[in-house]
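Reading through the structure tokens given below for one structure.
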Amino acid sequence: MKTQNLLFSLFLPVVLFAQASEESYPIANQFAAENSLRPYESRFTGVKVAKSECLNDAQLMQLKYQIQQNRKRIVAKDAQAFSKIRKLSLFQNPFRPKAGFNDYGYHTLNYQVDHNLTPNNNLLDYNCGTRTYDWANGNHAGTDYILWPYPWKRMQENVMEIVAAAPGIIVEKRNSFADLNCTNNGNPNWNGIVVEHADGTFAIYMHFKKNSATAKEVGDTVTAGEFLGLAGSSGSSTIPHLHFEIRDAESNVIDPYQGNCNPTVTQTWWMQQEPYYVPRINRISTHSVSTNDTACPVVENTYEKTNFDTGDPMVLKLYYRDIKPGDVTAIKITGPSGNIVSNYTWTQDWGVFYATAWAYWTFNITSSWETGIYNIQANFGGNSYTTAFGVRTPLGSNEHNLDELMIYPNPVRDVLTIKNFTEGDKIEILDSTGRLIRGLAADTKTGKLNVSVLQAGNYYLKISVKDQRVKLLKFTKK
């Protein structure tokens with residue numbers, strides 16, 4: 001078995017990186033009909049998240065020493081503590097969205113373990129690809145799950161909760177360091193949790209948001225799926241994310257993903273191992289401008305807008321996870337009368353795979369656009385994604401100030417719960433074309449809405465608050 005051993009280095013590299021670099025290209029759209037309304041600008045941007053040396057060799061030696069000291073204290077209190085750990089089972093996902101989060105996605109998987117130990121860009125991930133990185137005297141030893149889109153905004157909103165992948169004992173906890181770091185500068189001050197499992201392996205969960213870690217302390221047990229903390233950007237980090245790393249009792253790296261180029265496991269350690277590529281649109285939305293905030297660590301202004309007047313630009317944005325050369329996106333815009341006003345496809349044909357990307361199309365809202373609600377449908381990777389916008393309607397004014405309004409469960413079978421609304425808010429259901437569905441009313445005291453009579457499909461919950469602002473939330477009826 002090839003392993004990555006802990007090596008002490010007297011000389012630590014200090015390398016600075018920006019949060020991310022971007023590669024932008026104009027999009028060539030293919031229209032299904034000559035009379036399709038056409039954007040006057042279309043661009044695709046591939047995002048390359050900066051690579052950070054999460055743990056260098058000296059820091060790993062220090063971590064190993066600290067864990068050994070903590071273990072001694074744990075055993076001094078209870079000699080049988082580690083023999084009581086529930087036996088290791090297959091890993092569950094080490095993170096989850098916060099309760100009530102109802103968007104299509106919230107993360108990308110950017111970097112895997114590097115199994116080619118030759119330094120300086122000799123890369124090999126578990127699937128025999130190059131979705132990893134190294135540096136002059138080290139290799140990436142974990143898996144990085146990045147918040148996307150709006151990483152800083154979603155960090156502040158506590159969107160990504162870190163949970164234990166398997167049961168064990170906390171053998172290290174760090175919780176008080178700064179969490180808005182933007183550079184790979186060898187910073188050893190990361191927040192996080194280390195959990196030892198029944199077989200002597202341990203999991204390192206890194207880069208937590210400051211003061212977000214569980215109230216449990218070193219020596220306490222955790223169960224699989226138990227909350228550990230929130231994703232942040234503490235330590236040597238350039239963007240809010242979780243670095244998840246597994247090591248054995250001798251501190252050799254174990255990559256839990258089974259693949260032809262992973263010599264550390266013969267079978268997956270995951271209950272359900274994700275495919276290597278997960279083509280997905282994490283968010284589909286309309287905006288007032290085509291720019292995307294990238295300053296680090298500034299919380300992003302999303303510029304989202306859902307109602308447009310004559311003369312306004314309407315910018316449609318798609319935020320992608322895993323888009324490969326040759327992947328096709330089909331976009332259809334349906335007008336208030338149910339007629340298709342724009343129908344086109346585009347192909348990612350630049351020869352480069354991007355784990356994180358976004359694209360936009362800018363339309364000019366003219367007097368010829370019918371007044372009412374428009375439905376947008378984007379098909380990508382075998383899935384369909386929808387959103388809606390209004391032209392000369394009261395829909396969605398100042399919507400970005402209403403982020404706390406949420407609905408769950410989603411998809412829903414019988415009863416939909418509305419979180420953070422206030423009594424007196426007006427609640428309406430629209431179908432996928434924007435037509436009002438009558439006869440269904442929410443209980444404004446409990447926030448419950450019985451939708452059992454609806455047919456299966458996609459719908460919108462329109463919430464009008466007292467100051468005349470409106471928010472539109474999409475849900476799926478099972």
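Numbering starts fresh at 1 for the residues of each chain in the structure tokens, the chains themselves are lettered A, B, ... in the order given, and ligands are numbered from 1 as they appear.
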Taking a cut-off of 10 Å and counting only C-alpha atoms, can you build a table that, for each residue of region 56-94 of chain A near region 217-233 of chain A, reports the nearest atom pair and how far apart they are in Å (one decimal), sorted by chain then residue number, as JSON lines?
{"residue": "A:Ile67", "atom": "CA", "partner": "A:Val218", "partner_atom": "CA", "distance": 9.6}
{"residue": "A:Asn70", "atom": "CA", "partner": "A:Val218", "partner_atom": "CA", "distance": 7.2}
{"residue": "A:Arg71", "atom": "CA", "partner": "A:Gly219", "partner_atom": "CA", "distance": 7.9}
{"residue": "A:Arg73", "atom": "CA", "partner": "A:Gly219", "partner_atom": "CA", "distance": 8.3}
{"residue": "A:Ile74", "atom": "CA", "partner": "A:Gly219", "partner_atom": "CA", "distance": 5.5}
{"residue": "A:Val75", "atom": "CA", "partner": "A:Gly219", "partner_atom": "CA", "distance": 8.8}
{"residue": "A:Lys77", "atom": "CA", "partner": "A:Gly219", "partner_atom": "CA", "distance": 9.1}
{"residue": "A:Asp78", "atom": "CA", "partner": "A:Gly219", "partner_atom": "CA", "distance": 9.4}
{"residue": "A:Ala81", "atom": "CA", "partner": "A:Gly219", "partner_atom": "CA", "distance": 8.2}
{"residue": "A:Phe82", "atom": "CA", "partner": "A:Gly219", "partner_atom": "CA", "distance": 9.4}
{"residue": "A:Lys84", "atom": "CA", "partner": "A:Thr221", "partner_atom": "CA", "distance": 9.4}
{"residue": "A:Ile85", "atom": "CA", "partner": "A:Thr221", "partner_atom": "CA", "distance": 7.5}
{"residue": "A:Arg86", "atom": "CA", "partner": "A:Thr223", "partner_atom": "CA", "distance": 8.3}
{"residue": "A:Leu88", "atom": "CA", "partner": "A:Ala224", "partner_atom": "CA", "distance": 9.5}
{"residue": "A:Ser89", "atom": "CA", "partner": "A:Ala224", "partner_atom": "CA", "distance": 9.0}
{"residue": "A:Leu90", "atom": "CA", "partner": "A:Ala224", "partner_atom": "CA", "distance": 9.7}
{"residue": "A:Phe91", "atom": "CA", "partner": "A:Ala224", "partner_atom": "CA", "distance": 8.0}
{"residue": "A:Gln92", "atom": "CA", "partner": "A:Gly225", "partner_atom": "CA", "distance": 7.2}
{"residue": "A:Asn93", "atom": "CA", "partner": "A:Gly225", "partner_atom": "CA", "distance": 8.0}
{"residue": "A:Pro94", "atom": "CA", "partner": "A:Gly225", "partner_atom": "CA", "distance": 7.4}
Q: Find the residues near Glu34 (chain A): any atom within 12 Å, counting only C-alpha atoms, skip ones fewer than 5 places away on the same chain, and give them as a ChimeraX atom specification.
A: /A:341-344
**Q.** Neighbour list for Ser234 (chain A) as a VMD selection string, cut-off 10 Å, only C-alpha atoms, skip fewer than 4 positions in-chain
**A.** chain A and resid 54 175 to 182 187 to 192 206 to 210 238 to 241
Q.
Applying 9 Å and only C-alpha atoms, which residues near Asn260 (chain A) remain after dropping the ones on its own chain fewer than 6 positions away? List them as JSON, numbers by chain.
A. {"A": [126, 127, 128, 266]}
Q) Contacts of Ala388 (chain A) at 10 Å or less, counting only C-alpha atoms, minus same-chain residues fewer than 2 places along, as a PyMOL selection string? A) chain A and resi 284-286+306-307+333-334+373-377+386+390+395-396+432-434+460+472-474
Q: Please report, as a ChimeraX atom specification, each residue of region 259-305 of chain A to which DSSP assigns strand (DSSP E or B) when run on this structure's backbone.
A: /A:270,280-287,304
Q. Region 130-136 of chain A: which residues within 10 Å, counting only C-alpha atoms, same-chain residues fewer than 4 positions away excluded, as a count of residues only?
A. 32
Q) So which residues of region 67-206 of chain A fall under alpha helix (DSSP H) by DSSP, listed as a list in words? A) Ile67, Gln68, Gln69, Asn70, Arg71, Lys72, Arg73, Ile74, Val75, Ala76, Lys77, Pro151, Trp152, Lys153, Arg154, Met155 and Gln156 of chain A
Please write the residues from the selection above to a file, keeping N, CA and C atoms, as a JSON list (two decimals), in the first residue's frame.
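out-v4.json written:
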[["chain", "number", "residue", "atom", "x", "y", "z"],
["A", 67, "ILE", "N", -2.99, 15.37, 19.61],
["A", 67, "ILE", "CA", -3.95, 14.27, 19.72],
["A", 67, "ILE", "C", -3.45, 13.23, 20.73],
["A", 68, "GLN", "N", -2.16, 12.92, 20.69],
["A", 68, "GLN", "CA", -1.59, 11.95, 21.64],
["A", 68, "GLN", "C", -1.75, 12.43, 23.08],
["A", 69, "GLN", "N", -1.51, 13.71, 23.32],
["A", 69, "GLN", "CA", -1.68, 14.25, 24.66],
["A", 69, "GLN", "C", -3.14, 14.20, 25.10],
["A", 70, "ASN", "N", -4.04, 14.53, 24.18],
["A", 70, "ASN", "CA", -5.47, 14.48, 24.50],
["A", 70, "ASN", "C", -5.93, 13.05, 24.78],
["A", 71, "ARG", "N", -5.40, 12.10, 24.02],
["A", 71, "ARG", "CA", -5.77, 10.70, 24.24],
["A", 71, "ARG", "C", -5.35, 10.24, 25.64],
["A", 72, "LYS", "N", -4.17, 10.67, 26.07],
["A", 72, "LYS", "CA", -3.69, 10.30, 27.40],
["A", 72, "LYS", "C", -4.64, 10.81, 28.48],
["A", 73, "ARG", "N", -5.11, 12.05, 28.31],
["A", 73, "ARG", "CA", -6.03, 12.61, 29.29],
["A", 73, "ARG", "C", -7.38, 11.88, 29.27],
["A", 74, "ILE", "N", -7.82, 11.51, 28.08],
["A", 74, "ILE", "CA", -9.10, 10.80, 27.96],
["A", 74, "ILE", "C", -9.00, 9.44, 28.65],
["A", 75, "VAL", "N", -7.90, 8.71, 28.39],
["A", 75, "VAL", "CA", -7.73, 7.38, 28.98],
["A", 75, "VAL", "C", -7.53, 7.46, 30.49],
["A", 76, "ALA", "N", -6.90, 8.54, 30.96],
["A", 76, "ALA", "CA", -6.73, 8.71, 32.40],
["A", 76, "ALA", "C", -8.07, 8.83, 33.10],
["A", 77, "LYS", "N", -9.04, 9.43, 32.44],
["A", 77, "LYS", "CA", -10.39, 9.55, 33.00],
["A", 77, "LYS", "C", -11.18, 8.26, 32.88],
["A", 151, "PRO", "N", -20.16, 32.14, -1.78],
["A", 151, "PRO", "CA", -19.56, 31.43, -0.63],
["A", 151, "PRO", "C", -19.54, 32.23, 0.66],
["A", 152, "TRP", "N", -19.26, 33.54, 0.59],
["A", 152, "TRP", "CA", -19.18, 34.33, 1.83],
["A", 152, "TRP", "C", -20.57, 34.62, 2.38],
["A", 153, "LYS", "N", -21.52, 34.87, 1.50],
["A", 153, "LYS", "CA", -22.90, 35.10, 1.93],
["A", 153, "LYS", "C", -23.45, 33.83, 2.59],
["A", 154, "ARG", "N", -23.22, 32.71, 1.95],
["A", 154, "ARG", "CA", -23.75, 31.46, 2.48],
["A", 154, "ARG", "C", -23.00, 30.99, 3.72],
["A", 155, "MET", "N", -21.75, 31.40, 3.86],
["A", 155, "MET", "CA", -21.06, 31.15, 5.12],
["A", 155, "MET", "C", -21.75, 31.91, 6.25],
["A", 156, "GLN", "N", -22.05, 33.21, 6.02],
["A", 156, "GLN", "CA", -22.70, 34.01, 7.06],
["A", 156, "GLN", "C", -24.11, 33.51, 7.37]]
Q | Residues within 10 Å of Ile254 (chain A), only C-alpha atoms, excluding chain neighbours under 2 positions, as JSON, numbers by chain | A | {"A": [2, 3, 4, 113, 141, 142, 201, 202, 203, 245, 246, 247, 248, 251, 252, 256, 257, 262, 263, 264, 265, 269]}
Write the residues of the selection above to a file with C-alpha atoms, as a PDB file, in the first residue's frame.
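As written to disk, out.pdb reads:
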ATOM      1  CA  LYS A   2       1.342   3.390  -0.946  1.00  0.00           C
ATOM      2  CA  THR A   3       0.992   5.825   1.948  1.00  0.00           C
ATOM      3  CA  GLN A   4       1.605   9.463   2.655  1.00  0.00           C
ATOM      4  CA  VAL A 113      -6.568  13.400  -2.480  1.00  0.00           C
ATOM      5  CA  ALA A 141      -4.406  14.809   1.485  1.00  0.00           C
ATOM      6  CA  GLY A 142      -8.162  15.392   1.806  1.00  0.00           C
ATOM      7  CA  THR A 201      -8.510   5.873  12.114  1.00  0.00           C
ATOM      8  CA  PHE A 202      -9.381   9.512  12.581  1.00  0.00           C
ATOM      9  CA  ALA A 203     -11.185  12.183  10.575  1.00  0.00           C
ATOM     10  CA  GLU A 245      -9.226  14.189   5.685  1.00  0.00           C
ATOM     11  CA  ILE A 246      -8.887  10.590   6.899  1.00  0.00           C
ATOM     12  CA  ARG A 247      -5.726   9.094   8.412  1.00  0.00           C
ATOM     13  CA  ASP A 248      -4.930   5.742  10.034  1.00  0.00           C
ATOM     14  CA  SER A 251      -1.063   8.980  10.288  1.00  0.00           C
ATOM     15  CA  ASN A 252      -1.023   7.530   6.777  1.00  0.00           C
ATOM     16  CA  PRO A 256     -12.375   7.016   1.314  1.00  0.00           C
ATOM     17  CA  TYR A 257     -13.308   7.153  -2.394  1.00  0.00           C
ATOM     18  CA  ASN A 262      -6.591   4.828  -5.093  1.00  0.00           C
ATOM     19  CA  PRO A 263      -4.215   2.314  -3.464  1.00  0.00           C
ATOM     20  CA  THR A 264      -5.410   3.083   0.084  1.00  0.00           C
ATOM     21  CA  VAL A 265      -8.797   1.278  -0.070  1.00  0.00           C
ATOM     22  CA  TRP A 269     -15.836   3.841   2.657  1.00  0.00           C
TER      23      TRP A 269
END
Q | Which of A:Ser367, A:Tyr360, A:Asp322, A:Ala166 sits closest to Asn292 (chain A) [using only C-alpha atoms] | A | A:Tyr360
Q: Can you work out which one of A:Leu55, A:Ile169, A:Leu449, A:Val163 has the shortest atom-to-atom distance to Asn184 (chain A), counting only C-alpha atoms?
A: A:Leu55
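Considering the residues A:Ile323, A:Ile407, A:Ala442, A:Ile427 and counting only C-alpha atoms, Asp349 (chain A) has its shortest atom-to-atom contact with A:Ile323.
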